[in-house]
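Everything below concerns the one structure shown next.
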Amino acid sequence: SGGSGGGCGAGGAAAARPAADSATNGTEAVTYRYTGVLADGVTPYDSADPPANAGRYQVQAVFAATNNYRAVTVRAEFAIGRSLVPVPAADETAFVYNGREQTYAIRPDARYIVSGSTRRDAGSYTVTVSLDDKANCQWADGGTDDRTYPFTIAKREISATWDLQDMVYNGAAQAPRIVGLIGVQQTDAGKVEALAAQSAQIQAGSYSARARLTGEQAHNYILRNDTASFVIRPATVTFRVENNSVRYDGQPHTAQVTAQALGQDFDDFTVRYQTMDGMETAQPVEAGRYQILAEIADPNYRHSGGADHAARQIGVLEIYDSAAPAEYSLTFLPGAEDAAGSPPSLPAGLAGSVYILPDQAGLERAGHRFAGWQYKGRVY
């Protein structure tokens with residue numbers, strides 16, 4: 001009696017037929033019967049043919065009767081064990097999307113089947129290794145359950161080229177734009193783009209924009225520099241002052257002030273007046289010179305010569321006693337362009353209240369502002 005182990009795979013290796021021998025009955029007429037349970041512990045086996053699958057069995061050999069001896073029956077137990085299959089090692093490769101199919105490497109073996117090991121897109125996947133014949137094979141460390149391996153293809157990092165990060169207020173929503181992507185695989189050209197329109201702002205100020213990838217292959221990439229700062233600067237306002245020289249008549253007077261911004265008339269501002277010694281007045285009456293101050297109400301605009309919308313001098317209102325002072329061009333003597341003192345002497349003025357005054361150019365200094373000429377206690 002006896003038996004032998006089986007193989008792994010279709011059919012396995014059949015158990016050898018027990019060696020039957022009888023000194024009395026001979027071996028010319030022996031019949032066999034095999035019974036038992038397969039390795040799953042459930043499936044019964046009963047056949048005259050030797051089993052090929054793993055399991056525990058009993059063989060019964062019957063020696064036929066002879067003229068001199070009765071029939072003889074002998075029994076023996078034997079087992080066919082599962083073949084041990086080494087567990088495949090994991091692939092330690094750090095996969096990154098490259099536009100082509102990539103394969104998670106599992107050592108080839110005819111005793112198991114590998115599925116899900118080839119992928120193209122970035123993502124997290126599972127590679128499954130299944131024994132081809134679980135009835136007759138088991139893993140070397142025990143069990144027959146499928147073995148799984150995490151297979152991750154990381155997104156490819158790319159960078160954006162930002163543009164239009166310094167803009168001027170125009171009343172419409174504005175955002176920086178991305179004019180190029182660096183690092184996109186050639187096979188994905190035209191299939192990935194970056195947009196920052198969702199970060200658009202209307203008001204003047206400093207902001208941060210965030211870009212998002214779109215397109216057929218956007219899911220395979222990650223933007224390294226997906227944020228950028230941008231600024232919307234206030235639009236400039238240009239003021240025009242007219243009718244700002246009037247004769248004293250004891251009545252309040254103001255100048256005619258108009259403004260332009262973004263190519264059209266602008267009226268969102270207030271005007272006030274200030275004497276040369278810093279006293280404010282709503283409507284000047286007394287003879288003299290008054291600074292015309294304009295304050296822009298909307299912070300989305302600024303003075304053409306300033307950085308913000310705060311009150312700023314845009315001209316001078318002059319209320320004179322009699323005749324308006326005459327203005328004449330004046331050429332400074334050589335070397336007097338940077339004069340810090342009195343201008344050259346002038347010819348005597350005409351009789352009456354008409355004076356010859358030099359031009360202010362060349363007499364200004366850093367940190368100072370030219371306010372006019374003072375003559376006999378009055379500023380012209």
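Residues in the structure tokens are named by chain (A, B, ... in the order shown) and by number from 1 within that chain; ligands are numbered from 1 in the order shown.
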If you count only C-alpha atoms, which residues fall within 8 Å of A:Ser124, apart from same-chain ones fewer than 6 positions away, as a PDB file with N, CA and C atoms, in the first residue's frame?
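Just written: selection.pdb:
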```pdb
ATOM      1  N   PRO A 150      -0.912  47.226  -4.018  1.00  0.00           N
ATOM      2  CA  PRO A 150      -1.296  48.586  -4.451  1.00  0.00           C
ATOM      3  C   PRO A 150      -0.386  49.061  -5.584  1.00  0.00           C
ATOM      4  N   PHE A 151      -0.994  49.610  -6.609  1.00  0.00           N
ATOM      5  CA  PHE A 151      -0.261  50.078  -7.796  1.00  0.00           C
ATOM      6  C   PHE A 151      -0.661  51.533  -8.011  1.00  0.00           C
ATOM      7  N   THR A 152       0.266  52.450  -7.740  1.00  0.00           N
ATOM      8  CA  THR A 152      -0.027  53.881  -7.840  1.00  0.00           C
ATOM      9  C   THR A 152       0.830  54.531  -8.918  1.00  0.00           C
ATOM     10  N   ILE A 153       0.162  55.274  -9.795  1.00  0.00           N
ATOM     11  CA  ILE A 153       0.860  56.099 -10.786  1.00  0.00           C
ATOM     12  C   ILE A 153       0.600  57.548 -10.401  1.00  0.00           C
TER      13      ILE A 153
END
```
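Ranking A:Arg247, A:Arg272, A:His253, A:Arg233 by their shortest atom-to-atom distance to A:Asn170, with only C-alpha atoms included, puts A:Arg233 first.
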Nearest to A:Tyr320, chosen from A:Pro51, A:Pro86, A:Pro299, A:Gly288, with only C-alpha atoms counted in the distances:
A:Gly288
Run DSSP on the backbone and give me the residues of stretch 95-328 of chain A it puts in strand (DSSP E), as JSON, numbers by chain.
{"A": [95, 96, 102, 103, 112, 113, 114, 115, 118, 119, 123, 124, 125, 126, 127, 128, 129, 130, 131, 137, 138, 139, 147, 148, 149, 150, 151, 152, 153, 154, 156, 157, 158, 159, 160, 161, 162, 163, 166, 167, 168, 177, 178, 179, 180, 181, 182, 193, 194, 195, 205, 206, 207, 208, 209, 210, 212, 213, 214, 221, 222, 223, 227, 228, 229, 230, 231, 232, 233, 235, 236, 237, 238, 239, 240, 241, 242, 245, 246, 247, 256, 257, 258, 259, 260, 261, 264, 265, 269, 270, 271, 272, 273, 274, 275, 280, 281, 288, 289, 290, 291, 292, 293, 294, 295, 296, 301, 302, 303, 312, 313, 314, 315, 316, 317, 318, 319, 320, 326, 327]}
Take the selection from the previous step and output its residues with C-alpha atoms, as a compact mmCIF listing (two decimals), in the first residue's frame.
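Saved as out_38.txt:
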```txt
# COMPACT_ATOMS: atom_id res chain seq x y z
CA PHE A 95 5.58 55.22 -11.05
CA VAL A 96 4.88 58.69 -12.51
CA GLN A 102 3.24 51.13 -17.44
CA THR A 103 3.37 47.66 -15.92
CA TYR A 112 -0.78 31.92 -10.89
CA ILE A 113 -2.59 34.58 -12.93
CA VAL A 114 -1.78 38.32 -12.69
CA SER A 115 -4.50 40.88 -13.45
CA THR A 118 -0.82 47.42 -16.77
CA ARG A 119 -2.18 50.98 -16.57
CA GLY A 123 -4.34 56.95 -10.17
CA SER A 124 -4.43 54.27 -7.50
CA TYR A 125 -5.01 50.71 -8.66
CA THR A 126 -4.85 47.14 -7.34
CA VAL A 127 -2.86 44.32 -8.90
CA THR A 128 -4.37 40.90 -8.16
CA VAL A 129 -2.43 37.60 -8.21
CA SER A 130 -4.63 34.49 -8.19
CA LEU A 131 -3.56 30.86 -7.95
CA CYS A 137 -1.80 24.84 -4.89
CA GLN A 138 -1.33 27.15 -1.94
CA TRP A 139 0.95 30.04 -1.12
CA ARG A 147 -2.83 38.35 -3.15
CA THR A 148 -3.24 42.06 -3.88
CA TYR A 149 -0.67 44.82 -4.40
CA PRO A 150 -1.30 48.59 -4.45
CA PHE A 151 -0.26 50.08 -7.80
CA THR A 152 -0.03 53.88 -7.84
CA ILE A 153 0.86 56.10 -10.79
CA ALA A 154 1.50 59.61 -9.51
CA ARG A 156 3.06 64.42 -13.39
CA GLU A 157 4.10 67.83 -12.10
CA ILE A 158 3.98 70.72 -14.58
CA SER A 159 4.46 74.47 -14.21
CA ALA A 160 2.56 77.44 -15.59
CA THR A 161 3.74 80.64 -17.24
CA TRP A 162 1.61 83.46 -15.82
CA ASP A 163 0.88 86.74 -17.61
CA ASP A 166 -0.41 93.98 -13.27
CA MET A 167 -3.63 95.51 -14.58
CA VAL A 168 -5.61 98.77 -14.41
CA ARG A 177 -3.94 84.39 -17.55
CA ILE A 178 -1.69 81.42 -18.17
CA VAL A 179 0.05 81.55 -21.52
CA GLY A 180 1.94 78.27 -21.35
CA LEU A 181 2.41 74.97 -19.54
CA ILE A 182 5.85 73.45 -19.10
CA GLU A 193 -4.82 73.77 -20.24
CA ALA A 194 -4.86 75.93 -17.14
CA LEU A 195 -7.43 78.62 -16.33
CA GLY A 205 -6.51 96.01 -5.09
CA SER A 206 -4.01 93.20 -4.57
CA TYR A 207 -5.21 89.62 -4.96
CA SER A 208 -4.15 86.00 -5.25
CA ALA A 209 -5.23 83.88 -8.21
CA ARG A 210 -5.52 80.11 -8.29
CA ARG A 212 -7.06 74.85 -12.27
CA LEU A 213 -6.25 72.34 -14.96
CA THR A 214 -8.86 71.41 -17.54
CA TYR A 221 -1.14 66.30 -14.12
CA ILE A 222 -0.68 68.53 -11.10
CA LEU A 223 0.24 72.21 -11.34
CA THR A 227 -1.20 80.30 -7.37
CA ALA A 228 0.04 83.77 -8.31
CA SER A 229 -0.43 87.26 -6.96
CA PHE A 230 -1.82 90.05 -9.12
CA VAL A 231 -2.80 93.67 -8.73
CA ILE A 232 -5.50 95.85 -10.27
CA ARG A 233 -4.34 99.44 -10.05
CA ALA A 235 -7.51 104.09 -13.18
CA THR A 236 -6.19 107.64 -13.60
CA VAL A 237 -8.42 110.71 -13.55
CA THR A 238 -7.37 113.85 -15.42
CA PHE A 239 -8.84 117.13 -14.21
CA ARG A 240 -9.40 120.32 -16.21
CA VAL A 241 -9.83 123.69 -14.48
CA GLU A 242 -11.46 126.63 -16.29
CA SER A 245 -9.56 133.87 -12.61
CA VAL A 246 -12.38 136.25 -11.61
CA ARG A 247 -12.66 139.81 -10.48
CA GLN A 256 -15.28 125.16 -13.41
CA VAL A 257 -13.79 121.71 -12.80
CA THR A 258 -14.31 118.77 -15.16
CA ALA A 259 -12.63 115.37 -15.32
CA GLN A 260 -11.99 112.47 -17.66
CA ALA A 261 -11.30 108.79 -16.82
CA GLN A 264 -15.14 109.33 -20.78
CA ASP A 265 -16.49 112.06 -18.52
CA PHE A 269 -15.37 113.62 -7.05
CA THR A 270 -15.76 116.59 -4.71
CA VAL A 271 -14.04 119.99 -4.86
CA ARG A 272 -13.07 122.32 -2.03
CA TYR A 273 -10.88 125.39 -1.72
CA GLN A 274 -8.03 126.30 0.57
CA THR A 275 -6.24 129.58 1.15
CA GLU A 280 -10.41 125.80 3.95
CA THR A 281 -13.46 127.54 2.57
CA GLY A 288 -6.64 136.24 -3.22
CA ARG A 289 -5.39 132.92 -4.49
CA TYR A 290 -6.99 129.66 -3.44
CA GLN A 291 -5.83 126.11 -3.98
CA ILE A 292 -8.43 123.98 -5.73
CA LEU A 293 -8.49 120.53 -4.07
CA ALA A 294 -10.27 117.59 -5.67
CA GLU A 295 -11.01 114.36 -3.81
CA ILE A 296 -12.03 111.29 -5.80
CA TYR A 301 -9.58 105.79 -9.45
CA ARG A 302 -6.58 107.95 -8.65
CA HIS A 303 -5.21 111.34 -9.58
CA ARG A 312 -5.02 116.79 -4.15
CA GLN A 313 -4.45 120.22 -5.63
CA ILE A 314 -5.52 120.42 -9.25
CA GLY A 315 -5.31 124.16 -9.83
CA VAL A 316 -5.64 127.68 -8.39
CA LEU A 317 -8.66 129.96 -8.16
CA GLU A 318 -7.69 133.64 -8.25
CA ILE A 319 -10.01 136.45 -7.20
CA TYR A 320 -8.30 139.75 -8.11
CA ALA A 326 -0.29 140.05 -16.80
CA GLU A 327 1.91 137.02 -17.41
```
So that I can check the surroundings of A:Glu216, please list as a ChimeraX atom specification every protein, DNA and RNA residue that reaches within 10 Å of it, counting only C-alpha atoms and ignoring chain neighbours fewer than 5 positions away.
/A:188,190-193
Need the shell around A:Ala61: protein/DNA/RNA residues with any atom at most 6 Å away, counting only C-alpha atoms. Skip same-chain ones fewer than 4 positions apart. Format as number ranges by chain?
A: 31-32, 73-74
Give me a file of those residues, with N, CA, C and O atoms, as a PDB file, in the first residue's frame.
```pdb
ATOM      1  N   THR A  31      -8.160  -5.618  -7.782  1.00  0.00           N
ATOM      2  CA  THR A  31      -8.984  -4.438  -8.097  1.00  0.00           C
ATOM      3  C   THR A  31      -8.809  -3.388  -7.005  1.00  0.00           C
ATOM      4  O   THR A  31      -8.573  -3.734  -5.839  1.00  0.00           O
ATOM      5  N   TYR A  32      -8.943  -2.130  -7.407  1.00  0.00           N
ATOM      6  CA  TYR A  32      -8.709  -1.022  -6.472  1.00  0.00           C
ATOM      7  C   TYR A  32      -9.949  -0.113  -6.397  1.00  0.00           C
ATOM      8  O   TYR A  32     -10.682   0.039  -7.370  1.00  0.00           O
ATOM      9  N   THR A  73      -8.695  -8.610   1.110  1.00  0.00           N
ATOM     10  CA  THR A  73      -8.864  -7.146   0.972  1.00  0.00           C
ATOM     11  C   THR A  73      -7.909  -6.430   1.929  1.00  0.00           C
ATOM     12  O   THR A  73      -7.858  -6.766   3.114  1.00  0.00           O
ATOM     13  N   VAL A  74      -7.200  -5.432   1.388  1.00  0.00           N
ATOM     14  CA  VAL A  74      -6.307  -4.617   2.223  1.00  0.00           C
ATOM     15  C   VAL A  74      -6.619  -3.133   1.987  1.00  0.00           C
ATOM     16  O   VAL A  74      -7.058  -2.744   0.914  1.00  0.00           O
TER      17      VAL A  74
END
```
Find the residues near A:Ala29: any atom within 9 Å, counting only C-alpha atoms, skip ones fewer than 6 places away on the same chain, and give them as a count of residues only.
4
Could you check which of A:Pro234, A:Arg369, A:Tyr248, A:Asp277 is closest to A:Asp321, using only C-alpha atoms?
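The closest residue to A:Asp321 is A:Tyr248.
If you look at atom CA of A:Gly81 and atom CA of A:Asn136, they are 7.3 Å away from each other.
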Which residues come within 7 Å of stretch 198-202 of chain A, counting only C-alpha atoms, excluding same-chain residues fewer than 5 positions away, as a ChimeraX atom specification?
/A:171-175,209-210
